[in-house]
Protein chains: 2
Amino acid sequence: MKIGEVASRAGVSQRMVRHYESIGLIPRPLRRDSGYRDYSDEDLHRLRFIANARDLGFPIEEIRALLTLWSDRDRSSADVKHLALAHIAALEDKMRALGAMQKTLRDLADSCRGDSHANCPIIEALAGNDDSG
Amino acid sequence: MKIGEVASRAGVSQRMVRHYESIGLIPRPLRRDSGYRDYSDEDLHRLRFIANARDLGFPIEEIRALLTLWSDRDRSSADVKHLALAHIAALEDKMRALGAMQKTLRDLADSCRGDSHANCPIIEALAGNDDSG
DNA sequence: CTTGACTCTGACATCATGTTAAGGTGCAAA
DNA sequence: TTTGCACCTTAACATGATGTCAGAGTCAAG
């Protein structure tokens, strides 16, 4: 199948199919006489795997590792779980960071009247005019 | 003061000081005969404002808007609060997305024994072998 | 044959930041 | 004075994942 079909069936853009090829995440497909890429069902399966991992937020290099584990019959489930747990921890770190930002800003917003007057604790906090205490 | 001092005092890298200048977030500073940039206390204050906003996760264009509001005596606190609330909502959207990923992956990891055997629900889910039901 | 949908490559843009290279400046010690 | 080090300059390339655009070639249907 051509790139448009494999891309839509895998749920990724044609741009990303070519990109994954360029960074070696998927093998270079056969080419027709026209030069068009020609994909197999196995290529499609591999792209879907990548799309699923990407949807779970795995970065490219971890997806590369997961693909290796996928095709490695000798790997243990512990190897996979280890990668997954590390990614869960990374997700939690990001959530904590965002949560801290959100809480700080929420507190500032709560203390701002948000009316027609100019006085605004949010701007003052950003400017470093520490009003605490 | 020179760029090294203003940068360390504002808590940003020299690289970012030059970058903020190049995108018009801070004014072009005076230059010494040597060509060195020469910053005022006001420049430092502005950089600190930017650093604070950045620490709260505001993207550059929102920081640009906040800087405008900061120097606008006629703006209402409602204008500032509106921007802050929009950013809080954006942060919450990101947290929700990360939380969904984390939950999915957590469930998969919980169902994976993580031992020396090859069988692994995590890899199977990524490969699209739907085990639900 | 024309038209339109598809494909090709290559390049530029995003966002915030780091790094590196090659060179100029300035100050202090030898 | 010369040497040396810390600092500054610009410019360019890199990240990660993706979009978009331009200019050209392919193909199938009308």
# chains A, B, ... in the order shown; residues from 1 in each chain; ligands from 1
>>> interface_residues(of="chain C", to="chain A", cutoff="10 Å", atoms="only C-alpha atoms (C1' of nucleotides)", output="MDAnalysis selection string")
chainID C and resid 6:8
>>> residues_around(residues="D:DA29", least_positions_apart="4", cutoff="12 Å", atoms="only C-alpha atoms (C1' of nucleotides)", output="PyMOL selection string")
chain C and resi 2-5
>>> atom_distance(atom1="atom CA of B:Arg9", atom2="atom CA of B:Ala51")
10.7 Å
>>> residues_around(residues="A:Lys94", least_positions_apart="5", cutoff="9 Å", atoms="only C-alpha atoms (C1' of nucleotides)", output="list in words")
Ala89 and Gly99 of chain A; Met95 and Leu98 of chain B
>>> write_last_selection(atoms="N, CA and C atoms", output="tab-separated table (two decimals), in the first residue's frame")
chain	number	residue	atom	x	y	z
A	89	ALA	N	6.98	7.25	35.98
A	89	ALA	CA	7.62	8.20	36.91
A	89	ALA	C	7.87	9.54	36.22
A	99	GLY	N	1.35	20.86	38.34
A	99	GLY	CA	0.47	21.08	39.48
A	99	GLY	C	0.98	22.20	40.38
B	95	MET	N	-2.33	18.46	32.36
B	95	MET	CA	-2.31	17.49	33.46
B	95	MET	C	-3.30	16.36	33.22
B	98	LEU	N	-1.75	14.01	30.66
B	98	LEU	CA	-0.70	13.19	31.27
B	98	LEU	C	-1.30	12.16	32.22
>>> interface_residues(of="chain A", to="chain D", cutoff="12 Å", atoms="only C-alpha atoms (C1' of nucleotides)", output="JSON, numbers by chain")
{"A": [12, 13, 14, 15, 16, 17, 18, 19, 20, 32, 33, 34, 35, 36, 54, 57, 58, 59, 60, 61]}
>>> select_by_dssp(residues="chain A", states="strand (DSSP E or B)", output="VMD selection string")
chain A and resid 30 to 31 37 to 38
>>> write_last_selection(atoms="N, CA and C atoms", output="compact mmCIF listing (two decimals), in the first residue's frame")
# COMPACT_ATOMS: atom_id res chain seq x y z
N LEU A 30 9.98 -0.92 0.30
CA LEU A 30 10.24 -1.09 -1.13
C LEU A 30 9.74 0.13 -1.88
N ARG A 31 10.29 0.33 -3.06
CA ARG A 31 9.84 1.44 -3.90
C ARG A 31 9.27 0.89 -5.20
N ARG A 37 6.75 4.90 -2.21
CA ARG A 37 6.98 3.89 -1.17
C ARG A 37 5.84 2.86 -1.17
N ASP A 38 6.19 1.61 -0.92
CA ASP A 38 5.20 0.53 -0.94
C ASP A 38 5.27 -0.25 0.38
>>> interface_residues(of="chain A", to="chain B", cutoff="8 Å", atoms="only C-alpha atoms", output="count of residues only")
51
>>> calpha_fit_and_write(fixed="chain A", moving="chain B", output="short mmCIF file (atom, residue, chain, number, x, y, z; two decimals) with C-alpha atoms, in the first residue's frame")
data_model
loop_
_atom_site.label_atom_id
_atom_site.label_comp_id
_atom_site.auth_asym_id
_atom_site.auth_seq_id
_atom_site.Cartn_x
_atom_site.Cartn_y
_atom_site.Cartn_z
CA MET B 1 -0.06 0.02 0.02
CA LYS B 2 1.06 3.60 -0.56
CA ILE B 3 2.00 6.08 2.12
CA GLY B 4 -1.39 7.79 2.29
CA GLU B 5 -3.17 4.57 3.10
CA VAL B 6 -0.64 3.22 5.60
CA ALA B 7 -0.57 6.60 7.33
CA SER B 8 -4.31 6.96 7.72
CA ARG B 9 -4.68 3.32 8.76
CA ALA B 10 -1.96 3.69 11.40
CA GLY B 11 -3.32 7.02 12.56
CA VAL B 12 -0.20 9.05 11.86
CA SER B 13 0.57 11.70 9.28
CA GLN B 14 2.46 10.96 6.09
CA ARG B 15 5.02 13.43 7.36
CA MET B 16 5.66 11.28 10.41
CA VAL B 17 5.83 8.05 8.42
CA ARG B 18 8.69 9.55 6.40
CA HIS B 19 10.23 10.94 9.57
CA TYR B 20 10.17 7.58 11.36
CA GLU B 21 11.85 6.11 8.31
CA SER B 22 14.53 8.80 8.32
CA ILE B 23 15.43 8.13 11.94
CA GLY B 24 15.39 4.37 11.49
CA LEU B 25 12.28 3.63 13.54
CA ILE B 26 10.74 1.77 10.61
CA PRO B 27 12.64 0.05 7.80
CA ARG B 28 12.97 1.69 4.40
CA PRO B 29 10.06 0.28 2.39
CA LEU B 30 10.22 -1.07 -1.14
CA ARG B 31 9.80 1.46 -3.92
CA ARG B 32 7.61 1.11 -7.00
CA ASP B 33 8.97 2.01 -10.43
CA SER B 34 7.42 5.41 -9.87
CA GLY B 35 9.49 5.92 -6.75
CA TYR B 36 6.41 5.64 -4.52
CA ARG B 37 6.95 3.91 -1.18
CA ASP B 38 5.17 0.55 -0.93
CA TYR B 39 4.19 -0.72 2.52
CA SER B 40 3.35 -4.19 3.82
CA ASP B 41 0.92 -5.19 6.54
CA GLU B 42 3.91 -5.72 8.80
CA ASP B 43 4.98 -2.11 8.23
CA LEU B 44 1.47 -1.02 9.16
CA HIS B 45 1.59 -3.09 12.34
CA ARG B 46 4.89 -1.52 13.30
CA LEU B 47 3.54 1.96 12.67
CA ARG B 48 0.50 1.23 14.82
CA PHE B 49 2.79 0.08 17.63
CA ILE B 50 4.68 3.35 17.34
CA ALA B 51 1.46 5.36 17.32
CA ASN B 52 0.20 3.58 20.43
CA ALA B 53 3.45 4.19 22.29
CA ARG B 54 3.45 7.82 21.21
CA ASP B 55 -0.13 8.20 22.46
CA LEU B 56 1.14 7.06 25.85
CA GLY B 57 3.75 9.81 25.73
CA PHE B 58 6.83 7.68 25.22
CA PRO B 59 9.69 9.68 23.69
CA ILE B 60 11.23 8.42 20.45
CA GLU B 61 14.24 6.71 21.99
CA GLU B 62 12.05 4.76 24.41
CA ILE B 63 9.81 3.76 21.53
CA ARG B 64 12.92 2.53 19.76
CA ALA B 65 13.77 0.42 22.82
CA LEU B 66 10.20 -0.87 23.03
CA LEU B 67 10.32 -1.92 19.37
CA THR B 68 13.49 -3.85 20.08
CA LEU B 69 11.85 -5.55 23.06
CA TRP B 70 8.80 -6.30 20.94
CA SER B 71 10.84 -8.30 18.45
CA ASP B 72 13.08 -9.89 21.06
CA ARG B 73 11.71 -13.28 22.01
CA ASP B 74 14.26 -13.69 24.77
CA ARG B 75 13.43 -10.53 26.67
CA SER B 76 11.68 -10.85 29.98
CA SER B 77 8.48 -9.03 30.89
CA ALA B 78 10.58 -7.40 33.62
CA ASP B 79 12.55 -5.58 30.92
CA VAL B 80 9.37 -4.11 29.49
CA LYS B 81 7.86 -3.30 32.86
CA HIS B 82 11.06 -1.52 33.89
CA LEU B 83 10.77 0.82 30.92
CA ALA B 84 7.09 1.38 31.56
CA LEU B 85 7.61 2.20 35.23
CA ALA B 86 10.35 4.67 34.37
CA HIS B 87 8.00 6.40 31.97
CA ILE B 88 5.22 6.46 34.55
CA ALA B 89 7.63 8.17 36.92
CA ALA B 90 8.52 10.71 34.24
CA LEU B 91 4.84 11.43 33.65
CA GLU B 92 4.31 11.90 37.37
CA ASP B 93 7.24 14.30 37.55
CA LYS B 94 5.73 16.40 34.80
CA MET B 95 2.34 16.37 36.47
CA ARG B 96 3.85 17.46 39.75
CA ALA B 97 5.64 20.36 38.04
CA LEU B 98 2.46 21.45 36.28
CA GLY B 99 0.48 21.07 39.50
CA ALA B 100 2.87 23.33 41.36
CA MET B 101 2.56 26.00 38.68
CA GLN B 102 -1.19 25.64 38.66
CA LYS B 103 -1.47 25.96 42.43
CA THR B 104 0.72 29.05 42.60
CA LEU B 105 -1.20 30.70 39.81
CA ARG B 106 -4.53 29.61 41.22
CA ASP B 107 -3.69 31.23 44.56
CA LEU B 108 -2.66 34.43 42.83
CA ALA B 109 -5.79 34.46 40.68
CA ASP B 110 -7.95 33.89 43.75
CA SER B 111 -6.42 36.93 45.38
CA CYS B 112 -7.02 39.09 42.33
CA ARG B 113 -10.38 40.79 42.22
CA GLY B 114 -10.47 40.73 38.43
CA ASP B 115 -12.47 43.91 38.17
CA SER B 116 -11.97 47.24 36.46
CA HIS B 117 -9.34 48.41 38.93
CA ALA B 118 -5.63 48.29 38.16
CA ASN B 119 -4.41 46.72 41.39
CA CYS B 120 -3.40 43.16 40.63
CA PRO B 121 -1.51 40.69 42.86
CA ILE B 122 -0.72 38.52 39.85
CA ILE B 123 1.31 41.19 38.08
CA GLU B 124 2.87 42.22 41.37
CA ALA B 125 4.04 38.69 42.05
CA LEU B 126 5.53 38.42 38.57
CA ALA B 127 7.28 41.75 39.06
CA GLY B 128 8.76 40.43 42.28
CA ASN B 129 6.84 42.70 44.63
CA ASP B 130 6.49 40.07 47.31
CA ASP B 131 3.25 40.65 49.19
CA SER B 132 3.55 37.65 51.48
CA GLY B 133 3.48 38.36 55.21
#
>>> select_by_dssp(residues="chain B", states="helix (DSSP H, G or I)", output="ChimeraX atom specification")
/B:3-10,14-22,41-55,60-70,77-110,121-127
